[in-house]
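The structure file my_file-v8.cif is reproduced below (mmCIF, C-alpha atoms).
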data_protein
#
loop_
_atom_site.label_atom_id
_atom_site.label_comp_id
_atom_site.auth_asym_id
_atom_site.auth_seq_id
_atom_site.Cartn_x
_atom_site.Cartn_y
_atom_site.Cartn_z
CA MET A 53 -15.00 -13.78 22.38
CA ILE A 54 -12.44 -15.62 20.20
CA ASP A 55 -12.16 -18.40 22.79
CA ARG A 56 -15.94 -18.74 23.09
CA VAL A 57 -16.31 -19.10 19.31
CA LEU A 58 -13.50 -21.65 19.05
CA ASP A 59 -14.86 -23.61 22.01
CA ALA A 60 -18.25 -23.75 20.26
CA ALA A 61 -16.55 -25.05 17.11
CA ARG A 62 -14.69 -27.91 18.82
CA GLY A 63 -16.39 -31.22 18.19
CA LYS A 64 -18.63 -29.69 15.52
CA VAL A 65 -15.96 -29.28 12.83
CA ASP A 66 -12.51 -30.69 12.05
CA GLY A 67 -10.77 -27.40 12.76
CA ALA A 68 -11.36 -23.66 12.89
CA ASP A 69 -9.70 -20.28 13.11
CA ALA A 70 -11.21 -16.91 13.95
CA LEU A 71 -10.46 -13.21 13.92
CA TRP A 72 -12.00 -10.45 16.01
CA ARG A 73 -11.29 -6.83 15.15
CA ARG A 74 -12.55 -3.51 16.46
CA GLU A 75 -11.75 -0.31 14.56
CA GLU A 76 -12.39 3.26 15.61
CA GLN A 77 -11.91 5.93 12.95
CA THR A 78 -11.81 9.68 13.41
CA ALA A 79 -11.98 11.61 10.13
CA VAL A 80 -11.77 15.30 9.23
CA SER A 81 -12.00 16.84 5.77
CA PHE A 82 -11.64 20.35 4.41
CA GLU A 83 -12.94 21.28 0.96
CA SER A 84 -12.04 24.55 -0.69
CA GLY A 85 -10.29 25.49 2.54
CA ARG A 86 -13.37 25.07 4.73
CA LEU A 87 -14.17 22.34 7.22
CA LYS A 88 -16.72 20.03 5.58
CA THR A 89 -16.90 16.88 7.71
CA ALA A 90 -15.67 15.77 11.11
CA GLY A 91 -16.77 12.63 12.88
CA ILE A 92 -16.01 9.39 14.66
CA SER A 93 -17.13 5.89 13.62
CA GLU A 94 -16.61 2.47 15.14
CA GLU A 95 -17.03 -1.07 13.83
CA ALA A 96 -16.33 -4.47 15.33
CA GLY A 97 -16.87 -7.99 14.09
CA ILE A 98 -15.83 -11.63 14.06
CA ASN A 99 -14.82 -13.81 11.13
CA LEU A 100 -14.88 -17.60 11.54
CA ARG A 101 -13.45 -20.16 9.13
CA VAL A 102 -14.05 -23.88 9.60
CA LEU A 103 -12.92 -27.12 8.02
CA ALA A 104 -15.54 -29.84 7.84
CA GLY A 105 -15.20 -32.99 5.76
CA GLY A 106 -12.24 -31.51 3.89
CA ARG A 107 -14.24 -28.46 2.82
CA MET A 108 -13.89 -24.84 3.95
CA GLY A 109 -16.73 -22.67 5.20
CA VAL A 110 -16.79 -19.10 6.50
CA ALA A 111 -19.19 -16.89 8.41
CA GLY A 112 -19.00 -13.42 9.90
CA THR A 113 -21.00 -11.11 12.12
CA THR A 114 -20.94 -7.54 13.38
CA ALA A 115 -23.58 -8.21 16.05
CA ALA A 116 -22.90 -6.52 19.37
CA LYS A 117 -23.50 -9.81 21.24
CA PRO A 118 -22.91 -12.63 18.75
CA GLU A 119 -24.07 -16.13 19.55
CA PRO A 120 -21.10 -18.51 19.03
CA ALA A 121 -23.25 -21.57 18.25
CA GLU A 122 -25.18 -19.68 15.57
CA LEU A 123 -21.94 -18.45 13.96
CA VAL A 124 -20.52 -21.99 13.93
CA GLY A 125 -23.75 -23.28 12.42
CA ARG A 126 -23.59 -20.82 9.55
CA ALA A 127 -19.91 -21.61 8.91
CA ARG A 128 -20.70 -25.37 8.82
CA ALA A 129 -23.53 -24.77 6.38
CA SER A 130 -21.13 -22.77 4.22
CA ALA A 131 -18.64 -25.66 4.28
CA GLU A 132 -21.20 -28.07 2.85
CA LEU A 133 -20.95 -26.14 -0.42
CA GLY A 134 -17.38 -24.94 0.10
CA GLU A 135 -14.13 -25.66 -1.69
CA VAL A 136 -12.10 -28.77 -1.00
CA VAL A 137 -8.86 -27.57 0.61
CA GLU A 138 -5.77 -28.93 2.32
CA LEU A 139 -5.34 -26.52 5.18
CA ALA A 140 -3.07 -26.90 8.22
CA PHE A 141 -3.66 -24.43 11.04
CA PRO A 142 -0.42 -23.34 12.76
CA GLY A 143 0.18 -24.26 16.39
CA ALA A 144 1.14 -21.97 19.24
CA SER A 145 4.33 -20.02 18.71
CA LYS A 146 6.15 -16.97 20.07
CA LEU A 147 5.34 -13.73 18.28
CA PRO A 148 8.05 -11.21 17.33
CA PRO A 149 8.10 -7.88 19.20
CA ILE A 150 7.02 -4.94 17.03
CA PRO A 151 5.63 -1.56 18.16
CA THR A 152 2.24 -1.05 16.52
CA PHE A 153 0.51 1.25 19.04
CA PHE A 154 1.44 4.90 19.60
CA ASP A 155 -0.11 6.86 22.46
CA ARG A 156 0.06 10.23 20.68
CA THR A 157 -2.04 8.90 17.84
CA ALA A 158 -4.50 7.04 20.05
CA ASN A 159 -4.98 10.07 22.32
CA ALA A 160 -5.34 12.66 19.54
CA SER A 161 -8.77 14.29 19.83
CA LEU A 162 -11.10 15.38 17.05
CA ASP A 163 -10.11 18.97 17.81
CA ASP A 164 -6.42 18.04 17.43
CA LEU A 165 -7.08 16.65 13.95
CA ILE A 166 -9.13 19.70 12.97
CA ARG A 167 -6.28 21.98 14.08
CA MET A 168 -3.81 19.94 12.02
CA GLY A 169 -6.02 20.15 8.94
CA ARG A 170 -6.59 23.88 9.37
CA LEU A 171 -2.84 24.46 9.71
CA LEU A 172 -2.21 22.71 6.39
CA VAL A 173 -4.98 24.70 4.70
CA GLU A 174 -3.40 27.95 5.91
CA ARG A 175 0.12 26.88 4.88
CA LEU A 176 -0.98 25.85 1.38
CA ALA A 177 -3.37 28.73 0.66
CA ARG A 178 -2.60 30.72 -2.48
CA PRO A 179 -4.72 32.82 -4.86
CA ASP A 180 -6.86 31.08 -7.49
CA CYS A 181 -6.28 27.63 -5.98
CA GLN A 182 -8.68 25.27 -4.24
CA ILE A 183 -7.22 23.49 -1.19
CA ASN A 184 -8.53 20.14 0.04
CA VAL A 185 -7.15 18.44 3.15
CA ALA A 186 -8.15 15.16 4.82
CA VAL A 187 -6.97 13.71 8.14
CA GLN A 188 -7.96 10.21 9.25
CA ARG A 189 -6.89 8.50 12.46
CA GLU A 190 -7.54 4.82 13.24
CA VAL A 191 -7.17 2.78 16.42
CA ALA A 192 -7.67 -0.98 16.00
CA ASP A 193 -7.68 -3.97 18.33
CA THR A 194 -7.12 -7.40 16.78
CA ALA A 195 -7.29 -10.91 18.20
CA VAL A 196 -6.76 -14.17 16.29
CA GLY A 197 -6.84 -17.79 17.34
CA ASN A 198 -7.39 -21.34 16.11
CA THR A 199 -8.26 -24.80 17.40
CA ALA A 200 -4.60 -25.87 17.07
CA GLY A 201 -3.73 -23.65 20.03
CA ALA A 202 -2.33 -20.55 18.30
CA ARG A 203 -3.27 -17.16 19.74
CA GLY A 204 -2.28 -13.60 18.99
CA GLU A 205 -3.49 -10.12 19.76
CA TYR A 206 -2.26 -6.58 19.33
CA ARG A 207 -3.35 -2.94 19.27
CA ALA A 208 -2.43 -0.69 16.34
CA THR A 209 -2.71 2.95 15.41
CA GLY A 210 -2.50 4.68 12.06
CA ILE A 211 -2.92 8.16 10.69
CA ALA A 212 -3.20 9.43 7.12
CA VAL A 213 -2.91 13.10 6.16
CA SER A 214 -3.48 14.12 2.54
CA ALA A 215 -3.47 17.49 0.83
CA ASP A 216 -4.21 18.54 -2.73
CA ILE A 217 -4.25 21.82 -4.59
CA THR A 218 -6.38 22.35 -7.69
CA ARG A 219 -5.72 25.29 -10.00
CA ILE A 220 -8.04 26.08 -12.92
CA ALA A 221 -6.84 28.58 -15.53
CA GLY A 222 -9.02 28.63 -18.64
CA ASP A 223 -9.19 25.08 -19.95
CA ASP A 224 -6.15 23.98 -17.94
CA VAL A 225 -6.88 21.99 -14.77
CA LEU A 226 -3.85 21.28 -12.58
CA MET A 227 -4.04 19.10 -9.47
CA VAL A 228 -1.09 18.38 -7.18
CA TYR A 229 -1.39 15.89 -4.33
CA ASP A 230 0.73 14.35 -1.57
CA GLN A 231 0.23 12.48 1.69
CA TYR A 232 1.70 11.37 5.00
CA VAL A 233 0.85 7.90 6.29
CA GLY A 234 2.30 6.47 9.50
CA GLY A 235 1.61 4.67 12.73
CA ASP A 236 2.47 7.73 14.84
CA MET A 237 1.36 11.34 14.55
CA PRO A 238 3.31 13.41 12.01
CA SER A 239 5.93 15.72 13.46
CA ASP A 240 6.17 19.39 12.54
CA ALA A 241 8.97 18.38 10.15
CA ASP A 242 6.72 15.77 8.51
CA LEU A 243 3.97 18.33 7.92
CA GLU A 244 6.49 20.86 6.61
CA ALA A 245 7.84 18.23 4.20
CA LEU A 246 4.28 17.59 2.97
CA VAL A 247 3.71 21.29 2.36
CA ARG A 248 7.08 21.69 0.65
CA SER A 249 6.43 18.68 -1.58
CA VAL A 250 3.10 20.05 -2.79
CA GLU A 251 4.50 23.55 -3.33
CA THR A 252 7.54 22.24 -5.24
CA ARG A 253 5.35 20.20 -7.59
CA LEU A 254 2.94 23.08 -8.10
CA THR A 255 5.62 25.68 -8.83
CA ALA A 256 7.32 23.43 -11.40
CA ALA A 257 3.96 22.80 -13.10
CA LEU A 258 2.86 26.41 -13.64
CA LYS A 259 4.67 26.67 -16.97
CA ILE A 260 3.33 24.42 -19.76
CA VAL A 261 5.72 23.12 -22.42
CA ALA A 262 5.39 20.80 -25.42
CA PRO A 263 5.94 17.10 -24.63
CA PRO A 264 8.84 15.19 -26.17
CA ASP A 265 8.27 12.21 -28.43
CA GLY A 266 10.00 8.86 -28.88
CA ALA A 267 11.79 6.24 -26.79
CA LEU A 268 13.22 8.35 -23.97
CA PRO A 269 14.66 8.24 -20.46
CA VAL A 270 11.85 8.73 -17.95
CA VAL A 271 12.16 9.26 -14.22
CA PHE A 272 9.20 7.86 -12.29
CA THR A 273 8.80 9.40 -8.85
CA PRO A 274 7.62 7.17 -5.96
CA ALA A 275 4.10 8.47 -6.65
CA GLY A 276 4.40 7.89 -10.39
CA LEU A 277 5.75 4.34 -10.14
CA ALA A 278 2.43 2.56 -9.66
CA ALA A 279 2.10 1.44 -13.30
CA VAL A 280 5.59 -0.10 -13.11
CA VAL A 281 5.44 -1.83 -9.72
CA LEU A 282 1.80 -2.96 -9.68
CA PRO A 283 2.44 -5.79 -12.19
CA LEU A 284 5.21 -7.12 -9.94
CA GLU A 285 3.00 -7.04 -6.87
CA GLN A 286 0.43 -9.14 -8.71
CA ALA A 287 2.98 -11.50 -10.26
CA LEU A 288 4.67 -12.18 -6.89
CA SER A 289 1.39 -13.39 -5.38
CA GLY A 290 1.14 -17.14 -4.83
CA LYS A 291 -2.47 -16.99 -5.99
CA THR A 292 -1.58 -15.78 -9.50
CA VAL A 293 1.20 -18.38 -9.65
CA LEU A 294 -1.33 -21.13 -8.87
CA GLN A 295 -3.74 -19.70 -11.44
CA GLY A 296 -1.01 -19.83 -14.08
CA SER A 297 -1.29 -16.12 -14.87
CA SER A 298 1.96 -14.94 -13.27
CA PRO A 299 4.83 -14.35 -15.74
CA LEU A 300 7.18 -15.16 -12.84
CA ALA A 301 5.81 -18.67 -12.23
CA GLY A 302 8.57 -21.27 -12.39
CA LYS A 303 11.25 -18.56 -12.35
CA ILE A 304 12.49 -18.93 -8.76
CA GLY A 305 16.26 -18.53 -8.71
CA GLU A 306 16.44 -16.74 -12.06
CA THR A 307 17.81 -13.22 -12.55
CA LEU A 308 14.94 -11.38 -14.23
CA PHE A 309 15.55 -7.81 -13.11
CA ASP A 310 18.34 -5.28 -12.72
CA GLU A 311 20.86 -6.75 -10.29
CA ARG A 312 20.57 -3.72 -8.00
CA LEU A 313 16.82 -4.22 -7.42
CA SER A 314 15.50 -5.93 -4.29
CA ILE A 315 11.88 -6.25 -3.15
CA VAL A 316 10.77 -7.33 0.32
CA ASP A 317 7.50 -7.58 2.21
CA ASP A 318 8.20 -6.61 5.82
CA PRO A 319 5.43 -6.58 8.44
CA LEU A 320 8.05 -5.84 11.11
CA THR A 321 8.95 -2.37 9.81
CA PRO A 322 8.76 0.00 12.81
CA GLY A 323 6.24 2.82 12.74
CA ARG A 324 4.10 1.63 9.84
CA PRO A 325 0.32 1.17 10.17
CA SER A 326 0.46 -2.13 8.24
CA SER A 327 3.04 -3.65 10.59
CA ARG A 328 1.88 -6.46 12.89
CA PRO A 329 3.31 -9.32 14.98
CA VAL A 330 0.96 -11.92 13.49
CA ASP A 331 -1.15 -12.20 10.35
CA ASP A 332 -4.92 -12.76 10.28
CA GLU A 333 -4.42 -16.57 10.22
CA CYS A 334 -2.22 -16.88 13.35
CA VAL A 335 1.05 -17.09 11.36
CA PRO A 336 3.86 -15.13 13.11
CA SER A 337 5.13 -12.20 11.06
CA ARG A 338 8.52 -12.19 9.38
CA CYS A 339 10.27 -10.31 6.60
CA THR A 340 9.94 -12.06 3.23
CA GLY A 341 12.49 -11.42 0.49
CA LEU A 342 10.71 -11.59 -2.87
CA VAL A 343 13.43 -10.34 -5.23
CA GLU A 344 17.07 -10.17 -4.11
CA ARG A 345 19.52 -8.31 -6.35
CA GLY A 346 17.40 -9.03 -9.40
CA VAL A 347 16.82 -12.72 -8.57
CA VAL A 348 13.26 -13.96 -7.97
CA GLU A 349 13.44 -15.56 -4.50
CA ARG A 350 9.87 -16.46 -3.48
CA PHE A 351 6.17 -15.59 -3.63
CA VAL A 352 3.75 -14.52 -0.90
CA TYR A 353 1.19 -17.04 0.39
CA ASP A 354 -1.64 -17.32 2.86
CA LEU A 355 -2.60 -20.67 4.40
CA GLU A 356 -4.93 -21.76 1.60
CA THR A 357 -2.64 -20.95 -1.32
CA ALA A 358 0.34 -22.40 0.58
CA GLY A 359 -1.59 -25.63 1.04
CA ARG A 360 -2.42 -25.81 -2.64
CA ALA A 361 1.21 -25.06 -3.59
CA LYS A 362 2.61 -27.57 -1.07
CA THR A 363 4.63 -24.87 0.68
CA GLN A 364 4.49 -22.73 3.83
CA SER A 365 2.51 -19.56 4.41
CA THR A 366 4.65 -16.41 4.38
CA GLY A 367 2.36 -14.76 6.93
CA ASN A 368 0.42 -12.77 4.35
CA GLY A 369 -3.09 -13.88 5.32
CA ARG A 370 -5.58 -11.05 5.52
CA ARG A 371 -9.29 -11.14 6.21
CA GLY A 372 -12.26 -8.92 6.90
CA VAL A 373 -15.36 -9.65 8.94
CA PHE A 374 -17.03 -11.29 5.95
CA GLY A 375 -15.51 -13.60 3.35
CA LYS A 376 -12.60 -16.00 3.43
CA PRO A 377 -8.99 -14.94 4.10
CA HIS A 378 -6.89 -13.88 1.13
CA ILE A 379 -3.32 -12.85 0.33
CA GLY A 380 -2.41 -9.31 1.29
CA TYR A 381 0.91 -7.47 1.32
CA THR A 382 1.95 -5.62 4.47
CA ASN A 383 4.80 -3.15 3.89
CA ILE A 384 6.33 -3.73 0.45
CA LEU A 385 9.72 -2.14 -0.10
CA PHE A 386 11.44 -1.56 -3.47
CA ARG A 387 15.12 -0.87 -2.92
CA GLY A 388 18.24 -0.35 -4.97
CA ASN A 389 21.50 -1.87 -3.75
CA ASP A 390 23.58 1.03 -5.03
CA GLY A 391 24.32 3.01 -1.89
CA ALA A 392 21.53 5.58 -2.37
CA HIS A 393 19.72 6.58 0.80
CA GLY A 394 16.14 7.66 1.30
CA GLY A 395 14.85 10.95 2.65
CA HIS A 396 13.08 14.06 1.49
CA THR A 397 15.12 16.04 -1.04
CA ALA A 398 14.73 19.65 -2.05
CA GLY A 399 14.05 18.96 -5.71
CA LEU A 400 12.08 16.50 -7.78
CA GLY A 401 13.59 13.35 -9.26
CA GLY A 402 15.87 12.26 -6.43
CA GLY A 403 19.04 13.47 -8.14
CA LEU A 404 18.39 11.52 -11.36
CA LEU A 405 17.76 14.41 -13.77
CA GLY A 406 21.29 15.69 -14.27
CA ASP A 407 22.31 13.39 -17.15
CA ILE A 408 19.02 13.55 -19.07
CA ASP A 409 19.30 15.53 -22.30
CA ASP A 410 15.61 15.20 -23.13
CA GLY A 411 13.03 13.13 -21.28
CA LEU A 412 10.23 13.13 -18.74
CA LEU A 413 9.68 13.15 -15.00
CA VAL A 414 6.39 11.35 -14.27
CA ASP A 415 4.59 12.00 -10.99
CA ASP A 416 1.08 10.74 -11.81
CA LEU A 417 -0.53 8.59 -14.50
CA ILE A 418 -4.20 8.24 -15.38
CA GLY A 419 -5.97 4.87 -15.39
CA VAL A 420 -3.36 2.80 -13.52
CA GLY A 421 -4.70 -0.60 -12.49
CA GLN A 422 -7.04 -1.05 -15.45
CA GLY A 423 -6.69 -3.77 -18.05
CA ASN A 424 -4.37 -6.79 -17.98
CA VAL A 425 -2.02 -5.37 -15.35
CA ILE A 426 -0.12 -8.59 -14.61
CA SER A 427 1.20 -8.78 -18.20
CA GLY A 428 3.40 -5.79 -17.40
CA ALA A 429 2.32 -3.84 -20.49
CA PHE A 430 1.08 -0.34 -19.73
CA SER A 431 -0.01 2.71 -21.70
CA HIS A 432 -1.34 5.66 -19.76
CA PRO A 433 -1.95 9.37 -20.28
CA VAL A 434 0.07 11.51 -17.89
CA GLY A 435 -1.77 13.19 -15.06
CA LEU A 436 1.23 15.16 -13.82
CA ALA A 437 4.54 15.05 -15.67
CA TYR A 438 7.40 17.44 -16.41
CA ARG A 439 9.73 17.76 -19.35
CA VAL A 440 13.43 17.45 -18.55
CA GLN A 441 15.92 19.12 -20.89
CA ARG A 442 19.67 19.29 -20.32
CA GLY A 443 19.24 18.08 -16.75
CA GLU A 444 16.61 20.63 -15.74
CA ILE A 445 12.81 20.67 -15.46
CA THR A 446 11.57 23.11 -18.09
CA GLY A 447 7.83 22.84 -17.41
CA ARG A 448 4.76 20.64 -17.23
CA VAL A 449 3.61 18.61 -20.22
CA LYS A 450 0.00 17.98 -21.21
CA ASP A 451 -1.59 15.71 -23.80
CA ALA A 452 1.12 13.07 -23.57
CA ALA A 453 1.18 9.35 -22.79
CA VAL A 454 3.84 6.88 -21.70
CA ALA A 455 3.98 3.18 -22.57
CA GLY A 456 6.22 0.20 -21.99
CA ASN A 457 6.49 -3.16 -20.29
CA ALA A 458 7.37 -3.18 -16.61
CA TYR A 459 9.32 -6.46 -16.71
CA ASP A 460 11.49 -5.26 -19.60
CA LEU A 461 12.07 -1.79 -18.18
CA LEU A 462 13.12 -3.13 -14.78
CA LYS A 463 15.87 -5.17 -16.43
CA ARG A 464 17.71 -1.95 -17.28
CA ILE A 465 17.21 0.58 -14.51
CA GLY A 466 19.19 3.71 -15.26
CA GLY A 467 19.38 4.80 -11.63
CA PHE A 468 17.82 4.80 -8.18
CA GLY A 469 16.94 8.15 -6.64
CA ASN A 470 18.03 9.38 -3.23
CA ASP A 471 14.41 10.29 -2.41
CA GLY A 472 13.12 6.95 -1.08
CA ARG A 473 9.86 7.44 0.80
CA TRP A 474 6.64 5.79 1.89
CA LEU A 475 3.41 6.19 -0.04
CA GLY A 476 0.79 4.26 1.91
CA ALA A 477 2.22 0.78 2.47
CA ARG A 478 4.78 0.97 -0.36
CA TYR A 479 8.34 2.30 -0.05
CA SER A 480 10.42 3.19 -3.08
CA PRO A 481 12.79 5.80 -4.48
CA SER A 482 12.41 7.43 -7.88
CA LEU A 483 13.58 5.21 -10.74
CA LEU A 484 15.20 6.25 -14.01
CA LEU A 485 14.02 3.88 -16.73
CA GLU A 486 15.49 3.95 -20.21
CA GLY A 487 13.62 3.58 -23.48
CA VAL A 488 10.11 4.38 -22.28
CA SER A 489 7.80 5.20 -25.17
CA VAL A 490 6.53 8.80 -24.95
CA ALA A 491 3.88 9.96 -27.37
CA ARG A 492 1.99 13.18 -27.95
CA ARG A 493 -1.78 12.87 -27.85
#
Translate the structure described by the file into structure tokens.
Amino acid sequence: MIDRVLDAARGKVDGADALWRREEQTAVSFESGRLKTAGISEEAGINLRVLAGGRMGVAGTTAAKPEPAELVGRARASAELGEVVELAFPGASKLPPIPTFFDRTANASLDDLIRMGRLLVERLARPDCQINVAVQREVADTAVGNTAGARGEYRATGIAVSADITRIAGDDVLMVYDQYVGGDMPSDADLEALVRSVETRLTAALKIVAPPDGALPVVFTPAGLAAVVLPLEQALSGKTVLQGSSPLAGKIGETLFDERLSIVDDPLTPGRPSSRPVDDECVPSRCTGLVERGVVERFVYDLETAGRAKTQSTGNGRRGVFGKPHIGYTNILFRGNDGAHGGHTAGLGGGLLGDIDDGLLVDDLIGVGQGNVISGAFSHPVGLAYRVQRGEITGRVKDAAVAGNAYDLLKRIGGFGNDGRWLGARYSPSLLLEGVSVARR
């Protein structure tokens, strides 16, 4: 189908690229320990982008038997009112080898996923608690091509397993959540680690203590780090640099963060559902170093933003069936160059609590992603946080908030945990940050 669409575009426009994707999803959910939904859905579609007279137009369709000439006609009509762009489609090139398809995941039946969910419900069951479990499996086929001769296709699998426990005692509502996300089915050890993680967080949260107050050391777990790392993800985007809103614009080569911190975007990470040999614009995948030992190295670009910035795409083009391509991260990794190694640990905090006389361990914040995120300033009530006194967790805190500026805090990282792990498409350890403002509410 890609070739038919591109053949129809030749001679009608100056250039074109297209993506075809088919996705099959199998989803199971348990609410309050009981099976609520179980089903299979499938969607397929084509996205076409054209260049005509220096302007860009796009069109998409999910029709079972799309007519290439009609799709090209709609894309040309879109280009008449489209943006003026300088866009160079990549030519044919060899794609890197990367395993993206796993037979165990692709062959897992609906009954297999129900059994997995039921097992987690049984393992997590405890009195006076509501257990919710969701399992979602996806199998996707992708093909991309352009009129410059580039082609790419691959099959991919992914599975996400999430579990949460809610405990209501009087006016206290406690919710503890964790997940497994991967390209291959979780092993028994992976599921046991998920159960252990939820139980560890729940047990430590049963006792409520008064929150501390002041500028304090705070350990952010991988789950609690979103408010700190989200500004960086936005600021390292070539789009925000072009818009003039990125605080990192013009800072390439400068040391702006702790010299142990490195950040990469790596679509070639084995076993991850976001890994791929080629992006959605026919650019071969490669690992992109964004921050290296505290130094800002580069930004991520798709073809359009790279053209506007007079640079090369980093292979971060992403697109759906409808709308133009945009920048999208693949697997973003936050690492500390201090010898710490990732892996599940028995306790919370990744070994960073021992030297804290009084502080917090933050596992979840409320309202992350709202407001002017890219500025780095944040102020959020805690959703799940623990007080740390004399190196030990003494209980869960309520009615507290944390505030700070991500760029300032990441200049003075107190330590990197030994608990590095994946949460969705982001990998990070726990981080100890000094001087975070903690206030009682």
Do you know which residues are at most 8 Å from Leu147 in chain A counting all atoms listed in the file, after dropping those on the same chain fewer than 5 positions away, and could you put them as a PyMOL selection string? chain A and resi 204+329-330+336-337
Residues within 10 Å of (18.1, 8.4, -8.5), file coords, all atoms listed in the file, listed as a PyMOL selection string: chain A and resi 271-273+388+390+392-393+401-406+465-472+481-484
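Among the candidates A:Ile54, A:Cys334, A:Met227, A:Ile166, the residue lying nearest to Leu258 in chain A is A:Met227 (atoms considered: all atoms listed in the file).
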Hey, what's within 6 Å of range 67-79 of chain A if we count only C-alpha atoms and toss same-chain stuff fewer than 3 positions away? As a PyMOL selection string, please? chain A and resi 90-103+187-199
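Near Arg442 in chain A, within 7 Å and counting all atoms listed in the file, sit Ile408, Asp409 and Asp410 of chain A; same-chain residues fewer than 5 positions away were not included.
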So that I can see what lies close to range 81-87 of chain A, please list as a ChimeraX atom specification the residues with an atom at most 10 Å from it, counting only C-alpha atoms and leaving out residues fewer than 6 positions away in the same chain. /A:165-166,169-170,172-174,176-177,181-188,213-218
Store the residues of this selection in a file with C-alpha atoms, as a tab-separated table (two decimals), in the frame of the given file.
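Dumped everything to again-v8.tsv:
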chain	number	residue	atom	x	y	z
A	165	LEU	CA	-7.08	16.65	13.95
A	166	ILE	CA	-9.13	19.70	12.97
A	169	GLY	CA	-6.02	20.15	8.94
A	170	ARG	CA	-6.59	23.88	9.37
A	172	LEU	CA	-2.21	22.71	6.39
A	173	VAL	CA	-4.98	24.70	4.70
A	174	GLU	CA	-3.40	27.95	5.91
A	176	LEU	CA	-0.98	25.85	1.38
A	177	ALA	CA	-3.37	28.73	0.66
A	181	CYS	CA	-6.28	27.63	-5.98
A	182	GLN	CA	-8.68	25.27	-4.24
A	183	ILE	CA	-7.22	23.49	-1.19
A	184	ASN	CA	-8.53	20.14	0.04
A	185	VAL	CA	-7.15	18.44	3.15
A	186	ALA	CA	-8.15	15.16	4.82
A	187	VAL	CA	-6.97	13.71	8.14
A	188	GLN	CA	-7.96	10.21	9.25
A	213	VAL	CA	-2.91	13.10	6.16
A	214	SER	CA	-3.48	14.12	2.54
A	215	ALA	CA	-3.47	17.49	0.83
A	216	ASP	CA	-4.21	18.54	-2.73
A	217	ILE	CA	-4.25	21.82	-4.59
A	218	THR	CA	-6.38	22.35	-7.69
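Nearest to Thr366 in chain A of all the residues A:Val347, A:Cys339, A:Ile418, A:Leu268 is A:Cys339, counting only C-alpha atoms.
Relative to CA of Leu342 in chain A, CA of Thr292 in chain A is found at 14.6 Å.
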Straight-line distance linking CA of Glu344 in chain A with CA of Gly235 in chain A, stated in Å to one decimal: 27.3 Å
Taking (4.5, -6.0, -18.3) as a centre in this file's frame and 7 Å as the limit, can you find every polymer residue with an atom that close, using only C-alpha atoms, and give them as a VMD selection string? chain A and resid 283 426 to 430 457 to 459
Residue by residue, what does the PyMOL selection byres ((chain A and resi 267) around 12) grab here? Present the result as a PyMOL selection string. chain A and resi 264-266+268-270+410-412+453-456+461+485-491
Would you pick out the contacts of range 296-304 of chain A at 9 Å or less, using all atoms listed in the file, so that residues sharing its chain but fewer than 4 positions from it are not included, and give the list as a PDB file with C-alpha atoms, in the frame of the given file?
ATOM      1  CA  LEU A 284       5.210  -7.120  -9.940  1.00  0.00           C
ATOM      2  CA  GLN A 286       0.430  -9.140  -8.710  1.00  0.00           C
ATOM      3  CA  ALA A 287       2.980 -11.500 -10.260  1.00  0.00           C
ATOM      4  CA  LEU A 288       4.670 -12.180  -6.890  1.00  0.00           C
ATOM      5  CA  SER A 289       1.390 -13.390  -5.380  1.00  0.00           C
ATOM      6  CA  GLY A 290       1.140 -17.140  -4.830  1.00  0.00           C
ATOM      7  CA  LYS A 291      -2.470 -16.990  -5.990  1.00  0.00           C
ATOM      8  CA  THR A 292      -1.580 -15.780  -9.500  1.00  0.00           C
ATOM      9  CA  LEU A 308      14.940 -11.380 -14.230  1.00  0.00           C
ATOM     10  CA  VAL A 347      16.820 -12.720  -8.570  1.00  0.00           C
ATOM     11  CA  VAL A 348      13.260 -13.960  -7.970  1.00  0.00           C
ATOM     12  CA  GLU A 349      13.440 -15.560  -4.500  1.00  0.00           C
ATOM     13  CA  ARG A 350       9.870 -16.460  -3.480  1.00  0.00           C
ATOM     14  CA  PHE A 351       6.170 -15.590  -3.630  1.00  0.00           C
ATOM     15  CA  ILE A 426      -0.120  -8.590 -14.610  1.00  0.00           C
ATOM     16  CA  SER A 427       1.200  -8.780 -18.200  1.00  0.00           C
ATOM     17  CA  GLY A 428       3.400  -5.790 -17.400  1.00  0.00           C
TER      18      GLY A 428
END
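Separating CA of Asn368 in chain A from CA of Gly380 in chain A is a distance of 5.4 Å.
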Given the file above and the PyMOL selection byres ((chain A and resi 109-112) around 8), which residues are selected, and can you give them as a list in words? Gly97, Ile98, Asn99, Leu100, Arg101, Val102, Leu103, Ala104, Arg107, Met108, Thr113, Thr114, Leu123, Val124, Arg126, Ala127, Arg128, Ala129, Ser130, Ala131, Glu132, Leu133, Gly134, Glu135, Val373, Phe374, Gly375 and Lys376 of chain A
Name the residues captured by the PyMOL selection byres ((chain A and resi 447) around 10) when it is applied to the shown file; answer as number ranges by chain. A: 255-263, 437-441, 444-446, 448-450
Under the rule that only C-alpha atoms are counted, which of A:Gly143, A:Pro238, A:Gly125, A:Gly367 is the nearest residue to Leu320 in chain A? A:Gly367
Please report as a Markdown table every residue of range 196-233 of chain A lying within 8 Å of range 148-160 of chain A, along with the nearest atom pair and their distance in Å (one decimal), using only C-alpha atoms.
| residue | atom | partner | partner_atom | distance |
| --- | --- | --- | --- | --- |
| A:Tyr206 | CA | A:Thr152 | CA | 7.7 |
| A:Arg207 | CA | A:Phe153 | CA | 5.7 |
| A:Ala208 | CA | A:Phe153 | CA | 4.4 |
| A:Thr209 | CA | A:Phe153 | CA | 5.1 |
| A:Gly210 | CA | A:Thr157 | CA | 7.2 |
| A:Ile211 | CA | A:Thr157 | CA | 7.2 |
